$ cat my_file.txt   # compact mmCIF, C-alpha atoms
# COMPACT_ATOMS: atom_id res chain seq x y z
CA MET A 1 124.15 108.69 80.85
CA ALA A 2 120.86 110.03 79.53
CA GLU A 3 119.34 113.49 79.44
CA PHE A 4 115.66 114.22 80.06
CA ASN A 5 113.67 117.43 79.60
CA THR A 6 110.24 117.92 81.13
CA ARG A 7 107.84 120.62 82.20
CA ILE A 8 107.28 118.92 85.58
CA LEU A 9 109.72 116.64 87.37
CA ILE A 10 108.39 114.78 90.41
CA ILE A 11 111.05 113.61 92.86
CA GLY A 12 109.83 110.72 94.98
CA SER A 13 106.99 108.23 94.84
CA GLY A 14 104.46 107.27 97.49
CA PRO A 15 100.97 108.77 97.85
CA ALA A 16 102.13 112.37 97.33
CA GLY A 17 104.36 111.67 94.32
CA TYR A 18 102.00 109.33 92.50
CA THR A 19 98.99 111.59 93.04
CA ALA A 20 100.98 114.60 91.82
CA GLY A 21 101.83 112.58 88.73
CA ILE A 22 98.22 111.58 88.15
CA TYR A 23 96.99 115.18 88.33
CA ALA A 24 99.86 116.54 86.24
CA ALA A 25 99.33 113.91 83.55
CA ARG A 26 95.60 114.61 83.37
CA SER A 27 96.46 118.25 82.79
CA GLY A 28 98.54 117.30 79.76
CA LEU A 29 101.87 118.24 81.36
CA GLU A 30 103.62 114.92 80.58
CA PRO A 31 105.41 114.64 83.94
CA ILE A 32 108.46 112.54 84.68
CA LEU A 33 108.60 110.88 88.10
CA VAL A 34 111.87 109.62 89.58
CA SER A 35 110.76 107.08 92.16
CA GLY A 36 113.72 106.93 94.53
CA LEU A 37 115.15 103.72 95.94
CA GLU A 38 112.14 103.02 98.19
CA SER A 39 109.40 103.04 95.58
CA GLY A 40 106.06 103.65 97.25
CA GLY A 41 107.48 105.15 100.42
CA GLN A 42 106.89 104.30 104.08
CA ILE A 43 103.34 103.04 103.58
CA THR A 44 104.64 99.94 101.80
CA LEU A 45 105.69 98.69 105.26
CA SER A 46 102.03 98.55 106.39
CA GLU A 47 100.56 95.07 106.16
CA ASN A 48 96.97 96.34 106.23
CA VAL A 49 95.54 99.74 105.29
CA GLU A 50 91.88 100.26 106.14
CA ASN A 51 91.64 104.05 106.25
CA PHE A 52 92.33 104.95 102.61
CA PRO A 53 89.03 105.83 100.89
CA GLY A 54 87.80 103.61 98.09
CA PHE A 55 88.74 100.22 99.50
CA ALA A 56 85.91 98.29 101.14
CA HIS A 57 88.39 95.81 102.59
CA ALA A 58 91.88 96.19 104.01
CA VAL A 59 94.65 96.42 101.44
CA SER A 60 98.38 96.15 102.01
CA GLY A 61 100.40 99.32 101.70
CA LEU A 62 102.43 97.72 98.92
CA GLU A 63 99.31 96.82 96.94
CA LEU A 64 97.90 100.32 97.41
CA MET A 65 101.08 101.90 96.08
CA ASN A 66 101.29 99.45 93.18
CA ASN A 67 97.74 100.43 92.23
CA MET A 68 98.65 104.12 92.39
CA ARG A 69 101.74 103.53 90.29
CA SER A 70 99.76 101.64 87.66
CA GLN A 71 97.15 104.37 87.56
CA ALA A 72 99.86 107.01 87.08
CA GLU A 73 101.53 105.03 84.31
CA ASN A 74 98.21 104.39 82.55
CA LEU A 75 97.58 108.14 82.49
CA GLY A 76 100.96 108.81 80.91
CA VAL A 77 103.36 109.48 83.78
CA LYS A 78 106.89 108.44 82.81
CA ILE A 79 108.26 106.67 85.89
CA ILE A 80 112.00 106.12 86.18
CA ASN A 81 113.38 103.83 88.88
CA ASP A 82 116.31 105.93 89.97
CA LYS A 83 117.31 108.27 92.78
CA ILE A 84 118.04 112.00 92.52
CA VAL A 85 121.31 112.68 94.34
CA GLU A 86 122.13 116.28 93.37
CA VAL A 87 120.08 119.34 92.48
CA ASP A 88 120.74 122.84 91.17
CA PHE A 89 117.83 125.21 91.76
CA LYS A 90 119.76 128.42 91.14
CA HIS A 91 118.60 128.81 87.55
CA ARG A 92 115.93 127.57 85.16
CA PRO A 93 115.50 125.06 83.82
CA PHE A 94 116.24 123.39 87.13
CA GLU A 95 118.84 120.65 86.93
CA CYS A 96 118.83 117.33 88.81
CA SER A 97 121.35 114.49 88.59
CA SER A 98 120.61 110.88 89.45
CA GLU A 99 122.44 107.95 90.94
CA ASN A 100 122.55 106.37 87.48
CA HIS A 101 124.27 109.53 86.18
CA ASP A 102 121.23 110.72 84.25
CA VAL A 103 120.45 114.44 84.11
CA PHE A 104 116.95 115.89 84.33
CA TYR A 105 116.04 119.44 83.25
CA ALA A 106 112.66 120.72 84.41
CA GLU A 107 110.66 123.94 84.24
CA SER A 108 109.04 123.07 87.56
CA ILE A 109 109.63 120.48 90.27
CA ILE A 110 107.44 118.74 92.82
CA ILE A 111 109.37 117.28 95.76
CA ALA A 112 107.67 114.29 97.38
CA THR A 113 110.61 112.51 99.00
CA GLY A 114 108.78 111.97 102.31
CA ALA A 115 110.24 111.30 105.73
CA SER A 116 111.79 108.06 106.92
CA ALA A 117 111.07 106.57 110.33
CA LYS A 118 114.06 106.09 112.57
CA TRP A 119 114.72 102.44 113.34
CA LEU A 120 116.62 100.69 116.10
CA ASN A 121 118.77 98.83 113.53
CA ILE A 122 118.66 95.57 115.44
CA PRO A 123 119.35 92.54 113.19
CA SER A 124 115.96 90.94 113.90
CA GLU A 125 114.07 94.19 113.35
CA LYS A 126 113.90 94.09 109.57
CA ARG A 127 112.35 90.60 109.65
CA TYR A 128 109.25 91.83 111.48
CA ARG A 129 108.68 95.21 109.84
CA GLY A 130 105.03 95.17 108.88
CA PHE A 131 104.58 91.87 110.74
CA GLY A 132 104.31 93.11 114.30
CA ILE A 133 106.56 96.16 114.13
CA SER A 134 104.89 99.41 113.09
CA VAL A 135 105.87 103.06 113.02
CA CYS A 136 102.29 104.39 112.84
CA ALA A 137 99.66 103.83 115.53
CA THR A 138 97.03 105.68 113.51
CA CYS A 139 97.65 103.33 110.59
CA ASP A 140 97.91 100.02 112.43
CA GLY A 141 96.45 100.45 115.94
CA PHE A 142 93.07 99.05 114.93
CA PHE A 143 94.60 95.63 114.26
CA TYR A 144 95.63 95.30 117.91
CA ARG A 145 92.18 95.51 119.43
CA GLY A 146 92.17 93.72 122.78
CA LYS A 147 95.88 92.91 122.58
CA ASP A 148 98.99 93.90 124.52
CA VAL A 149 101.39 96.21 122.72
CA VAL A 150 104.64 98.05 123.32
CA VAL A 151 105.67 101.58 122.38
CA ILE A 152 109.38 102.35 122.09
CA GLY A 153 110.38 105.93 122.92
CA GLY A 154 110.08 108.61 125.53
CA GLY A 155 109.17 111.84 123.77
CA ASN A 156 105.91 113.47 122.75
CA SER A 157 105.45 111.10 119.81
CA ALA A 158 105.74 108.05 122.04
CA ALA A 159 103.31 109.48 124.58
CA GLU A 160 100.77 110.40 121.91
CA GLU A 161 101.06 106.99 120.25
CA ALA A 162 100.58 105.23 123.58
CA LEU A 163 97.50 107.26 124.47
CA TYR A 164 95.99 106.67 121.03
CA LEU A 165 96.62 102.93 121.23
CA THR A 166 94.60 102.63 124.45
CA THR A 167 91.54 103.09 122.23
CA PHE A 168 92.17 99.59 120.88
CA ALA A 169 94.75 97.70 122.90
CA ARG A 170 94.15 96.00 126.23
CA SER A 171 97.45 97.32 127.57
CA VAL A 172 100.25 99.57 126.36
CA THR A 173 103.77 99.40 127.78
CA ILE A 174 106.19 102.22 127.04
CA ILE A 175 109.83 101.14 126.86
CA HIS A 176 112.28 103.99 127.46
CA ARG A 177 116.05 103.83 127.69
CA ARG A 178 116.32 106.63 130.26
CA ASP A 179 115.02 107.01 133.82
CA ALA A 180 112.55 109.77 132.88
CA LEU A 181 110.38 110.56 129.88
CA ARG A 182 111.11 113.56 127.65
CA ALA A 183 107.44 114.15 126.78
CA ASP A 184 105.72 117.35 127.84
CA GLN A 185 104.48 117.27 131.40
CA HIS A 186 100.80 117.39 130.50
CA LEU A 187 101.27 114.28 128.35
CA GLN A 188 103.16 112.54 131.13
CA ASN A 189 100.29 113.30 133.49
CA LYS A 190 97.87 111.65 131.06
CA LEU A 191 100.09 108.58 130.84
CA LEU A 192 100.41 108.23 134.60
CA HIS A 193 96.67 108.50 135.13
CA ASN A 194 95.75 105.96 132.46
CA PRO A 195 95.42 102.45 133.97
CA GLN A 196 96.05 100.79 130.60
CA ILE A 197 99.51 102.33 130.28
CA HIS A 198 102.64 101.02 131.99
CA ILE A 199 106.20 102.33 131.71
CA LYS A 200 109.48 100.42 131.86
CA TYR A 201 112.42 102.77 132.38
CA ASN A 202 116.14 102.23 131.73
CA CYS A 203 115.47 99.51 129.17
CA THR A 204 116.69 98.93 125.65
CA ILE A 205 115.59 96.37 123.06
CA GLU A 206 118.07 93.57 122.46
CA GLU A 207 116.05 91.39 120.12
CA PHE A 208 112.62 90.82 118.57
CA ILE A 209 111.33 87.31 119.10
CA GLY A 210 108.80 85.24 117.18
CA PRO A 211 108.34 82.73 114.37
CA GLU A 212 109.92 83.59 111.04
CA ASN A 213 107.57 81.82 108.64
CA PRO A 214 105.20 83.52 108.69
CA PRO A 215 106.89 86.30 110.68
CA LYS A 216 105.05 87.39 113.81
CA ILE A 217 106.17 89.23 116.94
CA GLU A 218 105.59 87.29 120.14
CA ALA A 219 108.06 88.90 122.55
CA ILE A 220 111.01 91.24 122.91
CA LYS A 221 114.25 90.79 124.78
CA LEU A 222 114.88 93.74 127.09
CA LYS A 223 118.10 94.80 128.76
CA ASN A 224 118.22 97.02 131.83
CA VAL A 225 120.97 99.55 131.14
CA ARG A 226 121.73 99.96 134.84
CA THR A 227 121.91 96.33 135.93
CA ASP A 228 122.65 94.62 132.58
CA LYS A 229 119.94 92.10 133.43
CA THR A 230 117.78 90.87 130.54
CA GLU A 231 114.20 89.67 130.40
CA ILE A 232 111.81 88.28 127.81
CA PHE A 233 108.75 90.52 127.63
CA LYS A 234 105.74 89.08 125.82
CA THR A 235 103.86 91.39 123.46
CA ASP A 236 101.55 91.19 120.44
CA GLY A 237 102.99 94.20 118.67
CA VAL A 238 105.65 96.90 118.79
CA PHE A 239 105.25 100.54 117.78
CA LEU A 240 108.44 102.53 117.24
CA ALA A 241 108.13 106.19 118.16
CA ILE A 242 111.71 107.41 118.16
CA GLY A 243 111.24 110.03 115.47
CA HIS A 244 111.32 110.60 111.73
CA GLN A 245 113.97 112.07 109.45
CA PRO A 246 112.82 114.12 106.43
CA ASN A 247 114.53 113.07 103.22
CA THR A 248 115.85 116.51 102.42
CA SER A 249 119.64 116.24 102.64
CA ILE A 250 120.12 117.05 98.94
CA PHE A 251 118.01 120.19 99.28
CA GLN A 252 120.11 121.83 101.98
CA ASN A 253 121.52 125.16 100.78
CA GLN A 254 118.97 125.00 97.96
CA LEU A 255 115.61 125.39 99.71
CA GLU A 256 114.45 126.93 102.97
CA LEU A 257 114.09 124.20 105.61
CA ASP A 258 112.81 124.39 109.17
CA LYS A 259 114.96 123.52 112.20
CA ASN A 260 114.09 119.83 111.83
CA GLY A 261 114.92 119.69 108.12
CA TYR A 262 111.38 119.77 106.71
CA ILE A 263 110.75 121.92 103.64
CA LYS A 264 109.02 125.20 104.39
CA THR A 265 106.09 126.17 102.16
CA LYS A 266 103.86 129.20 101.99
CA PRO A 267 100.75 129.03 104.22
CA GLY A 268 97.93 127.14 102.53
CA SER A 269 100.19 126.23 99.62
CA THR A 270 102.81 123.76 98.45
CA GLN A 271 104.99 126.56 97.03
CA THR A 272 108.53 126.65 98.44
CA ASN A 273 110.72 129.75 98.70
CA ILE A 274 111.80 129.23 95.07
CA GLU A 275 109.25 129.98 92.38
CA GLY A 276 108.38 126.86 90.41
CA ILE A 277 109.42 124.38 93.09
CA PHE A 278 106.71 122.75 95.18
CA ALA A 279 106.75 120.28 98.08
CA ALA A 280 104.08 117.72 98.94
CA GLY A 281 103.49 115.06 101.57
CA ASP A 282 105.51 114.19 104.66
CA VAL A 283 108.58 116.05 103.42
CA LYS A 284 106.79 119.27 104.33
CA ASN A 285 104.18 118.14 106.85
CA PRO A 286 105.49 116.23 109.89
CA GLU A 287 102.26 116.49 111.88
CA PHE A 288 99.88 113.96 110.33
CA ARG A 289 101.88 111.42 108.30
CA GLN A 290 98.78 109.91 106.68
CA ALA A 291 98.59 108.60 103.12
CA ILE A 292 95.35 110.42 102.35
CA ILE A 293 96.78 113.76 103.48
CA ALA A 294 99.96 113.21 101.49
CA ALA A 295 97.89 112.34 98.43
CA GLY A 296 95.84 115.49 98.85
CA SER A 297 98.93 117.68 99.02
CA GLY A 298 100.29 115.91 95.94
CA ALA A 299 97.15 116.94 94.06
CA MET A 300 97.58 120.51 95.34
CA ALA A 301 101.20 120.60 94.20
CA ALA A 302 100.33 119.44 90.69
CA MET A 303 97.53 121.97 90.38
CA GLU A 304 99.71 124.80 91.69
CA ALA A 305 102.57 123.79 89.40
CA GLY A 306 100.22 123.70 86.42
CA ARG A 307 98.89 127.16 87.20
CA TRP A 308 102.40 128.50 87.67
CA LEU A 309 103.54 127.06 84.32
CA SER A 310 100.60 128.65 82.53
CA LYS A 311 101.45 132.17 83.68
$ encode --input "my_file.txt" --output "structure tokens"
Amino acid sequence: MAEFNTRILIIGSGPAGYTAGIYAARSGLEPILVSGLESGGQITLSENVENFPGFAHAVSGLELMNNMRSQAENLGVKIINDKIVEVDFKHRPFECSSENHDVFYAESIIIATGASAKWLNIPSEKRYRGFGISVCATCDGFFYRGKDVVVIGGGNSAAEEALYLTTFARSVTIIHRRDALRADQHLQNKLLHNPQIHIKYNCTIEEFIGPENPPKIEAIKLKNVRTDKTEIFKTDGVFLAIGHQPNTSIFQNQLELDKNGYIKTKPGSTQTNIEGIFAAGDVKNPEFRQAIIAAGSGAMAAMEAGRWLSK
């Protein structure tokens, strides 16, 4: 068990956390960053990232996050590979306990724990994550230009992903386990009037099919929930759109959250309902889920925390 004291503690890595660390370190605040178990966050699952400024050629999400981490460390951010599992925000300094039984005391905190995509948890799914299975059409849609893809889901997110993918893909097939979509009617109307989009109702995914070395999706095994019949459906890529879960369970009863569990912040700010605690990235912004936006809010959080500490 170790004890750490810092002016700024950053909980979580990824674009928001690393950028917050970079800005805080450059301000001389000597931040400590506890990375969490998934160092780098959701973007590390992206095989190619082309829309992050500063890279003339596509870079993998893992490489991008490794570069950010190295930059943060070179500027003086102390990065600890651990996970915060308990917090006490009722008094200052704020107290956080980790999975390794370390205790962190901080004058201010930046929360950048992100949101995790919901997965189907099929045994073959993990093999193809980032190799044909994506959870972000905006991030990866470009790589499926002229190809046939599948979107899993039936809500607004699935409808929006499908419509966006028609910009690149030759065809988009929505796979939904029920006999009707849950998306808003105006989105359903757009789907039904788009000749590139097809919908398969009452179907669930049984298996992802393709070579393992290198891994590549070639088809999916579908099961009709009404007839129990199965079919092999060929596809070049799969986009999961069954929702995200903000990583905020340890902040319940500590911070103000919205009905979906995302951290509420003041308009135009990263300030939470507790003075000295800030939130950045997907943990507070479920709308965009883009690395560049998360990074920007990480910079905001560090600047706001620095100003608050100097009062």
$ closest_atom_pairs --input "my_file.txt" --of "range 48-165 of chain A" --to "range 8-11 of chain A" --cutoff "9 Å" --atoms "all atoms listed in the file" --output "tab-separated table"
residue	atom	partner	partner_atom	distance
A:Lys83	CA	A:Ile11	CA	8.2
A:Ile84	CA	A:Ile11	CA	7.2
A:Phe104	CA	A:Leu9	CA	7.9
A:Tyr105	CA	A:Leu9	CA	8.0
A:Ala106	CA	A:Ile8	CA	5.8
A:Glu107	CA	A:Ile8	CA	6.2
A:Ser108	CA	A:Ile8	CA	4.9
A:Ile109	CA	A:Leu9	CA	4.8
A:Ile110	CA	A:Ile10	CA	4.7
A:Ile111	CA	A:Ile11	CA	5.0
A:Ala112	CA	A:Ile11	CA	5.7
A:Thr113	CA	A:Ile11	CA	6.3
$ residues_around --input "my_file.txt" --residues "Glu287 in chain A" --least-positions-apart "6" --cutoff "12 Å" --atoms "only C-alpha atoms" --output "list in words"
Ala115, Asn156, Ser157, Glu160, Gly243, His244, Tyr262, Gly281, Ile293 and Ala294 of chain A
$ residues_around --input "my_file.txt" --residues "Asn51 in chain A" --least-positions-apart "6" --cutoff "9 Å" --atoms "only C-alpha atoms" --output "MDAnalysis selection string"
chainID A and resid 58 139 291:292
$ residues_around --input "my_file.txt" --residues "range 235-241 of chain A" --least-positions-apart "6" --cutoff "6 Å" --atoms "all atoms listed in the file" --output "CSV table (one decimal) with C-alpha atoms, in the coordinates of the input"
chain,number,residue,atom,x,y,z
A,132,GLY,CA,104.3,93.1,114.3
A,133,ILE,CA,106.6,96.2,114.1
A,134,SER,CA,104.9,99.4,113.1
A,135,VAL,CA,105.9,103.1,113.0
A,148,ASP,CA,99.0,93.9,124.5
A,149,VAL,CA,101.4,96.2,122.7
A,150,VAL,CA,104.6,98.0,123.3
A,151,VAL,CA,105.7,101.6,122.4
A,152,ILE,CA,109.4,102.4,122.1
A,153,GLY,CA,110.4,105.9,122.9
A,157,SER,CA,105.4,111.1,119.8
A,158,ALA,CA,105.7,108.0,122.0
A,218,GLU,CA,105.6,87.3,120.1
A,219,ALA,CA,108.1,88.9,122.6
$ atom_distance --input "my_file.txt" --atom1 "CA of Val172 in chain A" --atom2 "CA of Lys190 in chain A"
13.2 Å
$ closest_residue --input "my_file.txt" --among "A:Ala279, A:Leu192, A:Leu45, A:Leu165" --to "Phe131 in chain A" --atoms "all atoms listed in the file"
A:Leu45
$ residues_around --input "my_file.txt" --residues "Tyr201 in chain A" --least-positions-apart "6" --cutoff "6 Å" --atoms "all atoms listed in the file" --output "PDB file with C-alpha atoms, in the coordinates of the input"
ATOM      1  CA  HIS A 176     112.280 103.990 127.460  1.00  0.00           C
ATOM      2  CA  ARG A 178     116.320 106.630 130.260  1.00  0.00           C
ATOM      3  CA  ASP A 179     115.020 107.010 133.820  1.00  0.00           C
TER       4      ASP A 179
END
$ residues_around --input "my_file.txt" --residues "range 60-68 of chain A" --least-positions-apart "3" --cutoff "9 Å" --atoms "only C-alpha atoms" --output "ChimeraX atom specification"
/A:13-15,18-19,22,39-50,52,71-73
$ atom_distance --input "my_file.txt" --atom1 "CA of Ala180 in chain A" --atom2 "CA of Gly154 in chain A"
7.8 Å
$ closest_residue --input "my_file.txt" --among "A:Phe168, A:Phe55, A:Tyr23, A:Tyr128" --to "Gly298 in chain A" --atoms "all atoms listed in the file"
A:Tyr23
$ atom_distance --input "my_file.txt" --atom1 "CA of Pro267 in chain A" --atom2 "CA of Gly12 in chain A"
22.4 Å
$ closest_residue --input "my_file.txt" --among "A:Gly130, A:Gly146, A:Gly268, A:Gly54" --to "Ser297 in chain A" --atoms "all atoms listed in the file"
A:Gly268
$ axis_aligned_box --input "my_file.txt" --around "range 37-43 of chain A" --padding-each-side "3 Å" --output "AutoDock Vina command-line options"
--center_x 109.2 --center_y 104.1 --center_z 99.8 --size_x 17.8 --size_y 8.1 --size_z 14.5
$ closest_residue --input "my_file.txt" --among "A:Ile263, A:Ile199, A:Ala25, A:Val34" --to "Ile79 in chain A" --atoms "only C-alpha atoms"
A:Val34
$ closest_residue --input "my_file.txt" --among "A:Ala159, A:Ile174, A:Ala20, A:Leu75" --to "Ala302 in chain A" --atoms "all atoms listed in the file"
A:Ala20
$ residues_near_point --input "my_file.txt" --point "(106.8, 119.6, 108.7)" --cutoff "10 Å" --atoms "all atoms listed in the file" --output "list in words"
Ala115, Pro246, Leu257, Asp258, Lys259, Asn260, Gly261, Tyr262, Ile263, Lys264, Thr265, Gly281, Asp282, Val283, Lys284, Asn285, Pro286, Glu287, Phe288 and Arg289 of chain A
$ build_atoms --input "my_file.txt" --residues "range 185-198 of chain A" --atoms "N, CA and C atoms" --output "compact mmCIF listing (two decimals), keeping the file's coordinate frame"
# COMPACT_ATOMS: atom_id res chain seq x y z
N GLN A 185 105.02 117.70 130.12
CA GLN A 185 104.48 117.27 131.40
C GLN A 185 103.00 116.93 131.34
N HIS A 186 102.23 117.68 130.55
CA HIS A 186 100.80 117.39 130.50
C HIS A 186 100.54 116.02 129.86
N LEU A 187 101.41 115.61 128.93
CA LEU A 187 101.27 114.28 128.35
C LEU A 187 101.69 113.21 129.35
N GLN A 188 102.74 113.49 130.10
CA GLN A 188 103.16 112.54 131.13
C GLN A 188 102.07 112.33 132.18
N ASN A 189 101.39 113.41 132.52
CA ASN A 189 100.29 113.30 133.49
C ASN A 189 99.19 112.38 132.97
N LYS A 190 98.89 112.51 131.67
CA LYS A 190 97.87 111.65 131.06
C LYS A 190 98.30 110.19 131.09
N LEU A 191 99.58 109.95 130.83
CA LEU A 191 100.09 108.58 130.84
C LEU A 191 99.97 107.97 132.24
N LEU A 192 100.38 108.74 133.23
CA LEU A 192 100.41 108.23 134.60
C LEU A 192 99.02 107.98 135.17
N HIS A 193 98.03 108.67 134.63
CA HIS A 193 96.67 108.50 135.13
C HIS A 193 95.83 107.55 134.27
N ASN A 194 96.46 106.91 133.31
CA ASN A 194 95.75 105.96 132.46
C ASN A 194 96.09 104.54 132.91
N PRO A 195 95.13 103.79 133.44
CA PRO A 195 95.42 102.45 133.97
C PRO A 195 95.86 101.43 132.92
N GLN A 196 95.64 101.72 131.65
CA GLN A 196 96.05 100.79 130.60
C GLN A 196 97.53 100.93 130.24
N ILE A 197 98.14 102.03 130.69
CA ILE A 197 99.51 102.33 130.28
C ILE A 197 100.50 102.03 131.41
N HIS A 198 101.56 101.33 131.06
CA HIS A 198 102.64 101.02 131.99
C HIS A 198 103.96 101.49 131.36
